[in-house]
file query27.tsv (TSV, C-alpha atoms)
chain	number	residue	atom	x	y	z
A	217	MET	CA	56.89	83.84	131.71
A	218	THR	CA	60.66	84.21	131.70
A	219	GLU	CA	60.97	80.77	133.21
A	220	HIS	CA	59.00	79.17	130.35
A	221	GLN	CA	61.08	80.89	127.72
A	222	ALA	CA	64.22	79.65	129.40
A	223	THR	CA	63.17	75.99	129.64
A	224	GLY	CA	61.94	75.38	126.13
A	225	THR	CA	61.61	76.76	122.63
A	226	PRO	CA	58.19	76.57	120.87
A	227	SER	CA	59.47	73.58	118.87
A	228	ASP	CA	60.12	71.63	122.07
A	229	ARG	CA	57.66	68.75	122.10
A	230	THR	CA	57.80	67.90	125.81
A	231	ALA	CA	54.85	69.04	127.90
A	232	PRO	CA	55.15	72.75	128.77
A	233	PRO	CA	55.54	73.58	132.48
A	234	PRO	CA	52.04	75.12	133.10
A	235	LEU	CA	50.33	71.84	132.14
A	236	GLN	CA	52.76	69.87	134.31
A	237	ALA	CA	51.79	72.02	137.30
A	238	ALA	CA	48.07	71.53	136.73
A	239	VAL	CA	48.36	67.76	136.46
A	240	GLN	CA	50.39	67.35	139.63
A	241	PRO	CA	48.27	66.14	142.59
A	242	PRO	CA	47.77	68.76	145.32
A	243	ALA	CA	49.93	68.43	148.42
A	244	ALA	CA	48.35	66.59	151.37
A	245	GLY	CA	46.11	68.79	153.49
A	246	ALA	CA	46.60	71.82	151.27
A	247	ALA	CA	44.06	73.48	148.94
A	248	GLU	CA	40.96	71.41	149.76
A	249	PRO	CA	38.61	73.11	147.21
A	250	ALA	CA	41.11	72.48	144.42
A	251	SER	CA	41.29	68.74	145.16
A	252	ASP	CA	37.47	68.56	145.31
A	253	LEU	CA	37.34	69.84	141.74
A	254	SER	CA	40.33	68.10	140.19
A	255	ALA	CA	40.00	64.63	141.72
A	256	PRO	CA	36.51	63.84	140.29
A	257	ARG	CA	37.57	65.23	136.92
A	258	ARG	CA	40.59	62.94	136.91
A	259	THR	CA	38.41	59.99	137.96
A	260	PHE	CA	35.91	60.87	135.23
A	261	LEU	CA	38.60	61.01	132.56
A	262	LYS	CA	40.17	57.78	133.79
A	263	THR	CA	36.76	56.07	133.68
A	264	CYS	CA	36.14	57.38	130.16
A	265	ILE	CA	39.53	56.24	128.86
A	266	GLY	CA	39.23	52.91	130.68
A	267	GLY	CA	35.70	52.40	129.33
A	268	MET	CA	36.70	53.17	125.75
A	269	THR	CA	39.71	50.85	126.03
A	270	ALA	CA	37.48	48.09	127.43
A	271	VAL	CA	34.91	48.52	124.62
A	272	SER	CA	37.66	48.50	121.98
A	273	ALA	CA	39.24	45.40	123.51
A	274	GLY	CA	35.80	43.78	123.71
A	275	THR	CA	35.22	44.17	119.96
A	276	VAL	CA	38.36	42.08	119.44
A	277	VAL	CA	38.02	39.64	122.34
A	278	TYR	CA	34.34	38.80	121.73
A	279	PRO	CA	34.67	37.56	118.11
A	280	VAL	CA	37.90	35.69	118.89
A	281	ALA	CA	36.41	34.03	121.99
A	282	SER	CA	33.32	33.11	119.93
A	283	PHE	CA	35.51	31.66	117.20
A	284	LEU	CA	37.18	29.38	119.74
A	285	ARG	CA	33.80	27.97	120.88
A	286	LEU	CA	32.66	24.63	119.47
A	287	PRO	CA	31.11	25.12	116.02
A	288	ALA	CA	27.51	24.18	115.25
A	289	THR	CA	27.93	20.85	113.50
A	290	LEU	CA	25.35	18.60	111.88
A	291	SER	CA	22.97	17.07	114.42
A	292	GLU	CA	24.56	14.04	116.00
A	293	SER	CA	22.78	10.72	115.79
A	294	GLN	CA	21.47	10.04	119.27
A	295	VAL	CA	20.54	6.44	118.50
A	296	VAL	CA	22.74	3.58	117.33
A	297	LYS	CA	20.95	0.70	115.60
A	298	VAL	CA	22.75	-2.59	115.00
A	299	PRO	CA	20.88	-5.20	112.86
A	300	LEU	CA	20.73	-8.47	114.82
A	301	ASP	CA	21.68	-10.47	111.72
A	302	SER	CA	24.98	-8.58	111.56
A	303	LEU	CA	25.93	-10.11	114.91
A	304	HIS	CA	27.78	-13.42	114.82
A	305	GLU	CA	28.65	-15.74	117.66
A	306	ASP	CA	31.98	-14.92	119.35
A	307	GLN	CA	32.44	-11.77	117.28
A	308	ALA	CA	32.47	-8.12	118.24
A	309	LEU	CA	31.29	-4.94	116.52
A	310	TYR	CA	32.63	-1.49	117.31
A	311	ARG	CA	30.30	1.51	117.01
A	312	ASP	CA	30.56	5.21	117.78
A	313	PHE	CA	27.81	6.50	120.07
A	314	ASN	CA	28.04	10.32	120.18
A	315	GLY	CA	31.78	10.15	120.58
A	316	VAL	CA	31.76	7.18	122.98
A	317	PRO	CA	33.35	4.05	121.48
A	318	LEU	CA	31.01	1.08	122.00
A	319	VAL	CA	31.74	-2.60	121.57
A	320	VAL	CA	28.93	-5.12	120.96
A	321	VAL	CA	29.86	-8.72	121.71
A	322	TYR	CA	27.68	-11.73	120.96
A	323	THR	CA	28.44	-14.77	123.12
A	324	GLY	CA	26.08	-17.55	124.14
A	325	ARG	CA	23.47	-16.01	121.78
A	326	VAL	CA	23.27	-12.95	124.05
A	327	PRO	CA	24.36	-9.50	122.79
A	328	ARG	CA	26.15	-7.33	125.33
A	329	VAL	CA	27.19	-3.71	124.87
A	330	TYR	CA	30.09	-2.05	126.69
A	331	ASP	CA	31.93	1.20	126.64
A	332	ALA	CA	35.10	0.01	124.87
A	333	SER	CA	37.34	2.31	126.95
A	334	CYS	CA	39.49	0.34	129.39
A	335	THR	CA	38.68	1.26	133.00
A	336	HIS	CA	42.40	1.54	133.74
A	337	LEU	CA	43.49	4.51	131.61
A	338	GLY	CA	40.99	4.59	128.75
A	339	CYS	CA	42.63	2.76	125.82
A	340	LEU	CA	40.31	0.88	123.47
A	341	VAL	CA	40.03	-2.79	124.43
A	342	ALA	CA	40.38	-5.43	121.69
A	343	TRP	CA	38.07	-8.46	121.52
A	344	ASP	CA	39.61	-11.91	121.41
A	345	GLY	CA	36.73	-14.13	120.17
A	346	GLY	CA	38.58	-17.40	120.63
A	347	ARG	CA	39.07	-16.95	124.38
A	348	HIS	CA	36.12	-14.64	125.09
A	349	ARG	CA	38.41	-12.00	126.49
A	350	PHE	CA	38.93	-8.26	126.04
A	351	HIS	CA	42.61	-7.31	125.96
A	352	CYS	CA	43.78	-3.78	126.54
A	353	PRO	CA	46.82	-3.02	124.30
A	354	CYS	CA	48.23	-0.38	126.62
A	355	HIS	CA	48.94	-2.05	129.97
A	356	GLY	CA	47.73	-5.61	129.51
A	357	ALA	CA	44.37	-5.47	131.29
A	358	VAL	CA	42.10	-8.44	130.55
A	359	PHE	CA	38.30	-8.58	130.88
A	360	ASN	CA	35.93	-11.49	130.27
A	361	ASP	CA	32.84	-11.36	128.03
A	362	HIS	CA	30.78	-10.06	130.96
A	363	GLY	CA	33.14	-7.09	131.23
A	364	GLU	CA	34.61	-8.27	134.54
A	365	PRO	CA	38.33	-7.78	135.11
A	366	VAL	CA	40.33	-10.98	134.90
A	367	SER	CA	43.92	-9.82	135.21
A	368	GLY	CA	46.13	-6.78	134.75
A	369	PRO	CA	46.09	-3.39	136.46
A	370	VAL	CA	42.27	-3.08	136.64
A	371	SER	CA	39.76	-3.49	139.43
A	372	ARG	CA	36.60	-2.02	137.83
A	373	PRO	CA	34.52	-3.80	135.17
A	374	LEU	CA	33.87	-2.36	131.72
A	375	LYS	CA	30.95	0.08	131.74
A	376	VAL	CA	27.75	-1.69	130.62
A	377	ILE	CA	25.65	0.23	128.06
A	378	GLU	CA	21.88	-0.30	128.10
A	379	ALA	CA	20.52	-1.76	124.86
A	380	SER	CA	17.15	-3.15	123.79
A	381	VAL	CA	15.99	-5.35	120.92
A	382	GLU	CA	13.37	-3.81	118.60
A	383	ASP	CA	12.23	-5.16	115.20
A	384	GLY	CA	15.40	-7.14	114.59
A	385	PHE	CA	17.66	-4.29	115.67
A	386	LEU	CA	19.79	-3.85	118.75
A	387	VAL	CA	18.97	-0.25	119.73
A	388	ILE	CA	21.28	1.87	121.89
A	389	ALA	CA	19.71	5.19	122.83
B	515	MET	CA	47.97	45.40	140.29
B	516	ILE	CA	49.36	46.28	136.86
B	517	SER	CA	51.59	48.98	138.35
B	518	ALA	CA	52.87	46.48	140.93
B	519	ILE	CA	53.84	44.03	138.14
B	520	TYR	CA	55.45	46.91	136.22
B	521	ARG	CA	57.45	47.97	139.32
B	522	PHE	CA	58.59	44.35	139.85
B	523	LEU	CA	59.87	44.12	136.26
B	524	ASP	CA	61.32	47.63	136.26
B	525	GLN	CA	63.37	47.00	139.41
B	526	ARG	CA	64.91	43.92	137.81
B	527	PHE	CA	65.24	44.78	134.14
B	528	HIS	CA	65.18	48.62	134.15
B	529	VAL	CA	62.34	48.85	131.65
B	530	THR	CA	61.65	52.56	132.12
B	531	PRO	CA	64.76	53.97	130.36
B	532	VAL	CA	64.17	51.61	127.41
B	533	LEU	CA	60.50	52.65	127.15
B	534	GLU	CA	61.36	56.34	127.49
B	535	LYS	CA	64.06	56.14	124.83
B	536	ASN	CA	61.95	54.20	122.32
B	537	VAL	CA	58.33	55.15	123.04
B	538	THR	CA	57.25	57.73	125.58
B	539	LYS	CA	60.05	60.30	125.14
B	540	LYS	CA	60.96	59.46	121.57
B	541	LEU	CA	60.57	62.58	119.45
B	542	VAL	CA	59.57	62.50	115.82
B	543	PRO	CA	59.97	65.49	113.49
B	544	ARG	CA	57.09	67.89	114.17
B	545	THR	CA	56.46	68.30	110.43
B	546	LEU	CA	55.75	64.58	110.10
B	547	GLY	CA	52.08	64.29	109.17
B	548	TRP	CA	49.53	61.50	109.19
B	549	ALA	CA	50.99	60.15	105.94
B	550	GLY	CA	53.94	59.02	108.04
B	551	CYS	CA	51.72	56.33	109.60
B	552	PHE	CA	51.23	54.14	106.52
B	553	GLY	CA	54.24	51.91	107.16
B	554	GLY	CA	53.28	51.31	110.78
B	555	LEU	CA	49.68	50.67	109.75
B	556	ALA	CA	50.87	48.13	107.17
B	557	LEU	CA	52.74	46.34	110.00
B	558	PHE	CA	49.61	46.46	112.17
B	559	THR	CA	47.55	44.99	109.31
B	560	PHE	CA	50.15	42.25	108.88
B	561	LEU	CA	49.77	41.35	112.57
B	562	ILE	CA	45.97	41.19	112.11
B	563	GLN	CA	46.54	38.87	109.13
B	564	VAL	CA	48.83	36.61	111.18
B	565	PHE	CA	46.30	36.45	114.01
B	566	THR	CA	43.15	35.87	111.92
B	567	GLY	CA	45.12	33.49	109.68
B	568	ALA	CA	46.07	31.39	112.70
B	569	LEU	CA	42.37	31.19	113.64
B	570	LEU	CA	41.30	30.18	110.11
B	571	LEU	CA	44.03	27.53	110.08
B	572	MET	CA	42.16	25.63	112.82
B	573	TYR	CA	39.46	24.64	110.30
B	574	TYR	CA	40.95	25.10	106.82
B	575	LYS	CA	41.89	21.94	104.92
B	576	PRO	CA	44.37	22.31	102.03
B	577	ASP	CA	42.82	19.64	99.80
B	578	PRO	CA	40.81	20.32	96.60
B	579	SER	CA	37.97	18.05	97.68
B	580	ARG	CA	37.61	19.71	101.09
B	581	ALA	CA	39.05	23.24	100.82
B	582	TRP	CA	35.82	24.92	99.66
B	583	ASP	CA	33.72	22.96	102.17
B	584	SER	CA	36.05	23.87	105.02
B	585	VAL	CA	35.88	27.59	104.16
B	586	THR	CA	32.08	27.34	103.90
B	587	PHE	CA	32.10	25.59	107.28
B	588	ILE	CA	34.11	28.47	108.77
B	589	LYS	CA	31.74	31.04	107.26
B	590	SER	CA	28.46	29.35	108.22
B	591	ASN	CA	29.08	27.04	111.20
B	592	VAL	CA	31.96	28.39	113.25
B	593	PRO	CA	30.78	31.14	115.64
B	594	MET	CA	31.97	34.51	114.26
B	595	GLY	CA	33.82	32.55	111.57
B	596	TRP	CA	32.28	34.75	108.85
B	597	LEU	CA	33.81	37.80	110.58
B	598	ILE	CA	37.29	36.31	110.99
B	599	GLN	CA	37.26	35.09	107.37
B	600	ARG	CA	36.09	38.52	106.10
B	601	VAL	CA	38.65	40.39	108.21
B	602	HIS	CA	41.38	38.16	106.75
B	603	ALA	CA	40.16	38.65	103.15
B	604	VAL	CA	39.58	42.43	103.47
B	605	GLY	CA	42.76	42.79	105.53
B	606	ALA	CA	44.78	41.41	102.62
B	607	ASN	CA	43.48	44.17	100.34
B	608	VAL	CA	43.95	46.82	103.02
B	609	MET	CA	47.54	45.68	103.61
B	610	ILE	CA	48.39	46.00	99.89
B	611	LEU	CA	46.71	49.43	99.80
B	612	LEU	CA	48.68	50.63	102.85
B	613	VAL	CA	51.98	49.32	101.46
B	614	MET	CA	51.30	51.16	98.18
B	615	LEU	CA	50.40	54.40	99.99
B	616	HIS	CA	53.59	54.04	102.08
B	617	MET	CA	55.66	53.56	98.92
B	618	ALA	CA	53.91	56.46	97.15
B	619	ARG	CA	54.78	58.80	100.03
B	620	VAL	CA	58.39	57.58	100.15
B	621	ALA	CA	58.67	58.09	96.39
B	622	TYR	CA	56.96	61.52	96.42
B	623	TYR	CA	59.18	62.94	99.18
B	624	ARG	CA	62.25	61.14	97.77
B	625	ILE	CA	62.99	59.52	101.09
B	626	PHE	CA	64.83	56.76	99.19
B	627	ARG	CA	67.84	59.02	98.63
B	628	PRO	CA	71.12	58.30	100.49
B	629	PRO	CA	71.54	57.08	103.15
B	630	ARG	CA	68.19	55.27	102.75
B	631	GLU	CA	68.61	53.40	99.43
B	632	LEU	CA	68.49	49.99	101.08
B	633	HIS	CA	65.31	50.94	102.94
B	634	TRP	CA	63.71	51.30	99.52
B	635	VAL	CA	65.25	48.07	98.19
B	636	SER	CA	64.04	46.09	101.24
B	637	GLY	CA	60.69	47.87	100.92
B	638	VAL	CA	60.27	46.70	97.32
B	639	ILE	CA	61.07	43.15	98.47
B	640	LEU	CA	58.44	43.53	101.20
B	641	PHE	CA	55.92	44.73	98.59
B	642	LEU	CA	56.64	41.69	96.40
B	643	LEU	CA	56.28	39.37	99.41
B	644	THR	CA	52.98	41.05	100.32
B	645	THR	CA	51.58	40.52	96.81
B	646	GLY	CA	52.92	36.95	96.97
B	647	LEU	CA	50.99	36.36	100.19
B	648	ALA	CA	47.84	37.83	98.64
B	649	PHE	CA	48.20	35.75	95.46
B	650	THR	CA	48.84	32.44	97.24
B	651	GLY	CA	46.04	33.13	99.73
B	652	TYR	CA	43.62	33.85	96.89
B	653	LEU	CA	43.78	30.24	95.66
B	654	LEU	CA	43.13	28.63	99.04
B	655	PRO	CA	39.27	28.87	99.18
B	656	TRP	CA	39.26	26.93	95.87
B	657	THR	CA	36.44	28.94	94.29
B	658	GLN	CA	36.03	29.59	90.56
B	659	LEU	CA	37.66	33.01	91.06
B	660	SER	CA	40.56	31.44	92.98
B	661	TYR	CA	41.11	28.70	90.44
B	662	TRP	CA	41.09	30.90	87.35
B	663	GLY	CA	43.00	33.63	89.16
B	664	ALA	CA	45.76	31.14	89.95
B	665	LYS	CA	45.68	29.80	86.39
B	666	ILE	CA	46.08	33.24	84.84
B	667	GLY	CA	48.64	34.35	87.43
B	668	THR	CA	50.84	31.31	86.97
B	669	GLU	CA	50.72	31.75	83.18
B	670	ILE	CA	52.56	35.08	83.41
B	671	PRO	CA	56.10	33.59	83.75
B	672	GLY	CA	55.33	31.62	80.56
B	673	ALA	CA	56.36	34.75	78.64
B	674	VAL	CA	59.98	34.25	79.75
B	675	PRO	CA	62.00	33.16	76.66
B	676	ALA	CA	63.17	29.54	76.57
B	677	PHE	CA	62.49	28.76	80.27
B	678	GLY	CA	58.88	30.00	80.42
B	679	GLU	CA	57.21	26.61	80.24
B	680	THR	CA	59.58	25.14	82.84
B	681	ILE	CA	58.88	27.98	85.29
B	682	VAL	CA	55.10	27.66	84.85
B	683	THR	CA	55.25	23.90	85.46
B	684	TRP	CA	57.49	24.40	88.49
B	685	VAL	CA	55.21	27.02	90.05
B	686	ARG	CA	52.11	24.89	89.41
B	687	ARG	CA	53.84	21.73	90.64
B	688	GLY	CA	52.56	20.11	87.44
B	689	ARG	CA	51.08	21.07	84.09
B	690	VAL	CA	47.72	22.13	85.51
B	691	ILE	CA	46.40	23.71	88.73
B	692	GLY	CA	45.73	20.72	91.00
B	693	PRO	CA	46.15	19.31	94.50
B	694	GLU	CA	49.92	19.84	94.35
B	695	THR	CA	49.45	23.51	93.44
B	696	LEU	CA	47.13	23.95	96.40
B	697	GLY	CA	49.58	22.27	98.78
B	698	PHE	CA	52.47	24.39	97.45
B	699	PHE	CA	50.51	27.66	97.70
B	700	PHE	CA	49.28	26.67	101.17
B	701	SER	CA	52.82	26.06	102.39
B	702	LEU	CA	53.97	29.36	100.88
B	703	HIS	CA	51.00	31.23	102.33
B	704	VAL	CA	51.11	30.00	105.93
B	705	TRP	CA	54.81	29.47	106.50
B	706	ILE	CA	57.42	30.32	103.90
B	707	LEU	CA	56.26	33.81	102.87
B	708	PRO	CA	55.28	34.93	106.41
B	709	ALA	CA	58.68	33.78	107.69
B	710	LEU	CA	60.50	35.62	104.86
B	711	ILE	CA	58.42	38.79	105.23
B	712	SER	CA	59.01	38.82	109.00
B	713	GLY	CA	62.75	38.60	108.47
B	714	VAL	CA	62.86	41.36	105.84
B	715	MET	CA	60.54	43.50	108.00
B	716	GLY	CA	63.01	43.12	110.88
B	717	LEU	CA	65.86	44.33	108.63
B	718	HIS	CA	63.69	47.20	107.36
B	719	PHE	CA	62.99	48.37	110.94
B	720	VAL	CA	66.59	47.96	112.12
B	721	MET	CA	67.74	50.11	109.16
B	722	ILE	CA	65.17	52.79	110.02
B	723	ARG	CA	66.39	52.83	113.62
B	724	ARG	CA	70.03	53.11	112.52
B	725	THR	CA	69.55	56.01	110.10
B	726	GLY	CA	66.59	57.62	111.86
B	727	ILE	CA	63.48	58.54	109.94
B	728	SER	CA	63.77	61.13	107.22
B	729	LYS	CA	63.13	64.73	108.30
B	730	PRO	CA	60.72	66.41	105.91
B	731	LEU	CA	61.51	69.92	104.74
call {"tool": "encode", "arguments": {"input": "query27.tsv", "output": "structure tokens"}}
result
Amino acid sequence: MTEHQATGTPSDRTAPPPLQAAVQPPAAGAAEPASDLSAPRRTFLKTCIGGMTAVSAGTVVYPVASFLRLPATLSESQVVKVPLDSLHEDQALYRDFNGVPLVVVYTGRVPRVYDASCTHLGCLVAWDGGRHRFHCPCHGAVFNDHGEPVSGPVSRPLKVIEASVEDGFLVIA
Amino acid sequence: MISAIYRFLDQRFHVTPVLEKNVTKKLVPRTLGWAGCFGGLALFTFLIQVFTGALLLMYYKPDPSRAWDSVTFIKSNVPMGWLIQRVHAVGANVMILLVMLHMARVAYYRIFRPPRELHWVSGVILFLLTTGLAFTGYLLPWTQLSYWGAKIGTEIPGAVPAFGETIVTWVRRGRVIGPETLGFFFSLHVWILPALISGVMGLHFVMIRRTGISKPL
């Protein structure tokens, strides 16, 4: 008791010595029964504190992670319909197909549909109706009206998109 | 794992003495009660507002034709968007409440006396900035309440003699509440006022650290 009175006054806010002694881990090999009792209690308390911290963190992390997910938007149109009478010889139409840019070209009275992304690095190719060529503005790739590479830094043709003709419409599904 | 990272940093930057001095072994007066927490809680609420505000900013559009739709989109389409939007709206009220409780305690215990006069002065500025943030944020959803609230609020400086009309027009960025008002309030709400309040908060905290917190009787 005299030791405690010497080390701190009642107003001292640091942990009093008796508690310090109880918290200290037992020395190796000594006092086996004591370690049997205190170690599970410490594990239990650690698990409780850890669990409560995890639950509290979860109540913050879950809503924020949800918020960062993609929002439920209006249902996307899965079908693109192009009226055949809107197609004109040597001209191109650009359409969005669920986020994929499509180009419809009409040459030799045949409509063809391609993914308008250049197969080099993905820029949108521009249609040159006079020469029946697609030109990529980024690195000068050139494709013909069949989507085959003509010149520039490309080796792969433009991706062909399947389309069918139904009731005067070109349907891309 | 965490203790290994801590040891790595501690060996290089000597974190432990800094933590002990400022957090783990920092003593506060034992008579300081729970009422001493209001200032810190107001700061915590401000941080929540910054965080939820940053999330709302991903979808909000400061344009009269789209503002209401974008807030409705957040509330009904974005996952947990209703929660983030509510936390931001309720958090604004809670922050004002906490700032007022903090000021009431400081006034009641006369903590503003020397050497802490400037703590009070900076605190009043912080209170005005907080109400400014709440007022500018109130217009952003562009609801009937927002619109008329902004109209009435911006009419108040009209009572100033001679310059009243000029001030009202300047604050509204025009004669009526319109797209320019929304853009102005948006800029104030998401950048100018948060930047100002952060700076004044920093001064407020530095002053508290220099003088120490007041010891109650």
call {"tool": "interface_residues", "arguments": {"input": "query27.tsv", "of": "chain A", "to": "chain B", "cutoff": "6 Å", "atoms": "all atoms listed in the file", "output": "list in words"}}
result
Pro279, Ser282, Phe283, Pro287 and Ala288 of chain A
call {"tool": "atom_distance", "arguments": {"input": "query27.tsv", "atom1": "CA of Val277 in chain A", "atom2": "CA of Phe522 in chain B"}}
result
27.4 Å
call {"tool": "residues_around", "arguments": {"input": "query27.tsv", "residues": "Trp705 in chain B", "least_positions_apart": "4", "cutoff": "12 Å", "atoms": "all atoms listed in the file", "output": "list in words"}}
result
Val564, Gly567, Ala568, Leu571, Leu647, Thr650, Gly651, Gly697, Phe698, Phe699, Phe700, Ser701, Ala709, Leu710, Ile711 and Ser712 of chain B
call {"tool": "residues_near_point", "arguments": {"input": "query27.tsv", "point": "(64.9, 46.7, 106.5)", "cutoff": "12 Å", "atoms": "only C-alpha atoms", "output": "ChimeraX atom specification"}}
result
/B:553,630-640,711-725
call {"tool": "residues_around", "arguments": {"input": "query27.tsv", "residues": "Ser333 in chain A", "least_positions_apart": "2", "cutoff": "10 Å", "atoms": "all atoms listed in the file", "output": "list in words"}}
result
Val316, Pro317, Leu318, Val319, Tyr330, Asp331, Thr335, His336, Leu337, Gly338, Cys339, Leu340, Val341, Ala342, Cys352, Leu374 and Lys375 of chain A
call {"tool": "residues_around", "arguments": {"input": "query27.tsv", "residues": "Ser302 in chain A", "least_positions_apart": "2", "cutoff": "12 Å", "atoms": "only C-alpha atoms", "output": "list in words"}}
result
Lys297, Val298, Pro299, Leu300, His304, Glu305, Gln307, Ala308, Leu309, Tyr310, Val320, Val321, Tyr322, Pro327, Gly384, Phe385 and Leu386 of chain A
call {"tool": "closest_residue", "arguments": {"input": "query27.tsv", "among": "B:Tyr623, B:Trp656, B:Tyr520, B:Phe552", "to": "Pro576 in chain B", "atoms": "only C-alpha atoms"}}
result
B:Trp656
call {"tool": "atom_distance", "arguments": {"input": "query27.tsv", "atom1": "CA of Gly692 in chain B", "atom2": "CA of Ile562 in chain B"}}
result
29.4 Å
call {"tool": "closest_residue", "arguments": {"input": "query27.tsv", "among": "A:Thr263, A:Gly356, A:Arg311, A:Asp361", "to": "Asp344 in chain A", "atoms": "only C-alpha atoms"}}
result
A:Asp361
call {"tool": "atom_distance", "arguments": {"input": "query27.tsv", "atom1": "CA of Val280 in chain A", "atom2": "CA of Leu654 in chain B"}}
result
21.7 Å
call {"tool": "residues_near_point", "arguments": {"input": "query27.tsv", "point": "(21.6, -1.1, 130.4)", "cutoff": "12 Å", "atoms": "all atoms listed in the file", "output": "ChimeraX atom specification"}}
result
/A:327-331,375-381,387-389
call {"tool": "write_last_selection", "arguments": {"input": "query27.tsv", "atoms": "C-alpha atoms", "output": "PDB file, keeping the file's coordinate frame"}}
result
ATOM      1  CA  PRO A 327      24.360  -9.500 122.790  1.00  0.00           C
ATOM      2  CA  ARG A 328      26.150  -7.330 125.330  1.00  0.00           C
ATOM      3  CA  VAL A 329      27.190  -3.710 124.870  1.00  0.00           C
ATOM      4  CA  TYR A 330      30.090  -2.050 126.690  1.00  0.00           C
ATOM      5  CA  ASP A 331      31.930   1.200 126.640  1.00  0.00           C
ATOM      6  CA  LYS A 375      30.950   0.080 131.740  1.00  0.00           C
ATOM      7  CA  VAL A 376      27.750  -1.690 130.620  1.00  0.00           C
ATOM      8  CA  ILE A 377      25.650   0.230 128.060  1.00  0.00           C
ATOM      9  CA  GLU A 378      21.880  -0.300 128.100  1.00  0.00           C
ATOM     10  CA  ALA A 379      20.520  -1.760 124.860  1.00  0.00           C
ATOM     11  CA  SER A 380      17.150  -3.150 123.790  1.00  0.00           C
ATOM     12  CA  VAL A 381      15.990  -5.350 120.920  1.00  0.00           C
ATOM     13  CA  VAL A 387      18.970  -0.250 119.730  1.00  0.00           C
ATOM     14  CA  ILE A 388      21.280   1.870 121.890  1.00  0.00           C
ATOM     15  CA  ALA A 389      19.710   5.190 122.830  1.00  0.00           C
TER      16      ALA A 389
END
call {"tool": "axis_aligned_box", "arguments": {"input": "query27.tsv", "around": "range 593-596 of chain B", "padding_each_side": "3 Å", "output": "lines of an AutoDock Vina configuration file"}}
result
center_x = 32.3
center_y = 32.9
center_z = 112.2
size_x = 9.0
size_y = 9.6
size_z = 12.8
call {"tool": "decode", "arguments": {"input": "query27.tsv", "residues": "range 346-384 of chain A", "atoms": "C-alpha atoms", "output": "PDB file, in the first residue's frame"}}
result
ATOM      1  CA  GLY A 346     -16.029   9.453-101.783  1.00  0.00           C
ATOM      2  CA  ARG A 347     -13.223   6.902-101.519  1.00  0.00           C
ATOM      3  CA  HIS A 348     -15.099   4.159 -99.643  1.00  0.00           C
ATOM      4  CA  ARG A 349     -12.579   4.253 -96.836  1.00  0.00           C
ATOM      5  CA  PHE A 350     -12.669   4.444 -93.044  1.00  0.00           C
ATOM      6  CA  HIS A 351     -10.002   6.764 -91.646  1.00  0.00           C
ATOM      7  CA  CYS A 352      -8.912   6.636 -88.049  1.00  0.00           C
ATOM      8  CA  PRO A 353      -8.136  10.189 -86.774  1.00  0.00           C
ATOM      9  CA  CYS A 354      -5.678   9.017 -84.139  1.00  0.00           C
ATOM     10  CA  HIS A 355      -2.860   7.174 -85.928  1.00  0.00           C
ATOM     11  CA  GLY A 356      -3.903   7.192 -89.571  1.00  0.00           C
ATOM     12  CA  ALA A 357      -5.270   3.655 -89.949  1.00  0.00           C
ATOM     13  CA  VAL A 358      -7.316   3.136 -93.120  1.00  0.00           C
ATOM     14  CA  PHE A 359      -9.959   0.442 -93.747  1.00  0.00           C
ATOM     15  CA  ASN A 360     -11.995  -0.266 -96.875  1.00  0.00           C
ATOM     16  CA  ASP A 361     -15.792  -0.591 -96.974  1.00  0.00           C
ATOM     17  CA  HIS A 362     -15.484  -4.294 -96.130  1.00  0.00           C
ATOM     18  CA  GLY A 363     -13.680  -3.346 -92.914  1.00  0.00           C
ATOM     19  CA  GLU A 364     -10.347  -4.734 -94.120  1.00  0.00           C
ATOM     20  CA  PRO A 365      -7.192  -2.818 -93.222  1.00  0.00           C
ATOM     21  CA  VAL A 366      -5.666  -0.961 -96.136  1.00  0.00           C
ATOM     22  CA  SER A 367      -2.815   0.980 -94.563  1.00  0.00           C
ATOM     23  CA  GLY A 368      -1.607   2.372 -91.261  1.00  0.00           C
ATOM     24  CA  PRO A 369      -0.686   0.617 -88.014  1.00  0.00           C
ATOM     25  CA  VAL A 370      -3.454  -2.021 -88.181  1.00  0.00           C
ATOM     26  CA  SER A 371      -3.499  -5.694 -89.080  1.00  0.00           C
ATOM     27  CA  ARG A 372      -6.996  -6.730 -87.900  1.00  0.00           C
ATOM     28  CA  PRO A 373     -10.212  -5.841 -89.748  1.00  0.00           C
ATOM     29  CA  LEU A 374     -13.048  -3.855 -88.179  1.00  0.00           C
ATOM     30  CA  LYS A 375     -15.346  -6.069 -86.114  1.00  0.00           C
ATOM     31  CA  VAL A 376     -18.402  -7.073 -88.182  1.00  0.00           C
ATOM     32  CA  ILE A 377     -21.761  -6.754 -86.374  1.00  0.00           C
ATOM     33  CA  GLU A 378     -24.555  -9.154 -87.352  1.00  0.00           C
ATOM     34  CA  ALA A 379     -27.628  -7.417 -88.759  1.00  0.00           C
ATOM     35  CA  SER A 380     -30.798  -8.612 -90.473  1.00  0.00           C
ATOM     36  CA  VAL A 381     -33.445  -6.923 -92.615  1.00  0.00           C
ATOM     37  CA  GLU A 382     -37.016  -7.066 -91.250  1.00  0.00           C
ATOM     38  CA  ASP A 383     -40.040  -5.077 -92.508  1.00  0.00           C
ATOM     39  CA  GLY A 384     -37.957  -2.313 -94.051  1.00  0.00           C
TER      40      GLY A 384
END
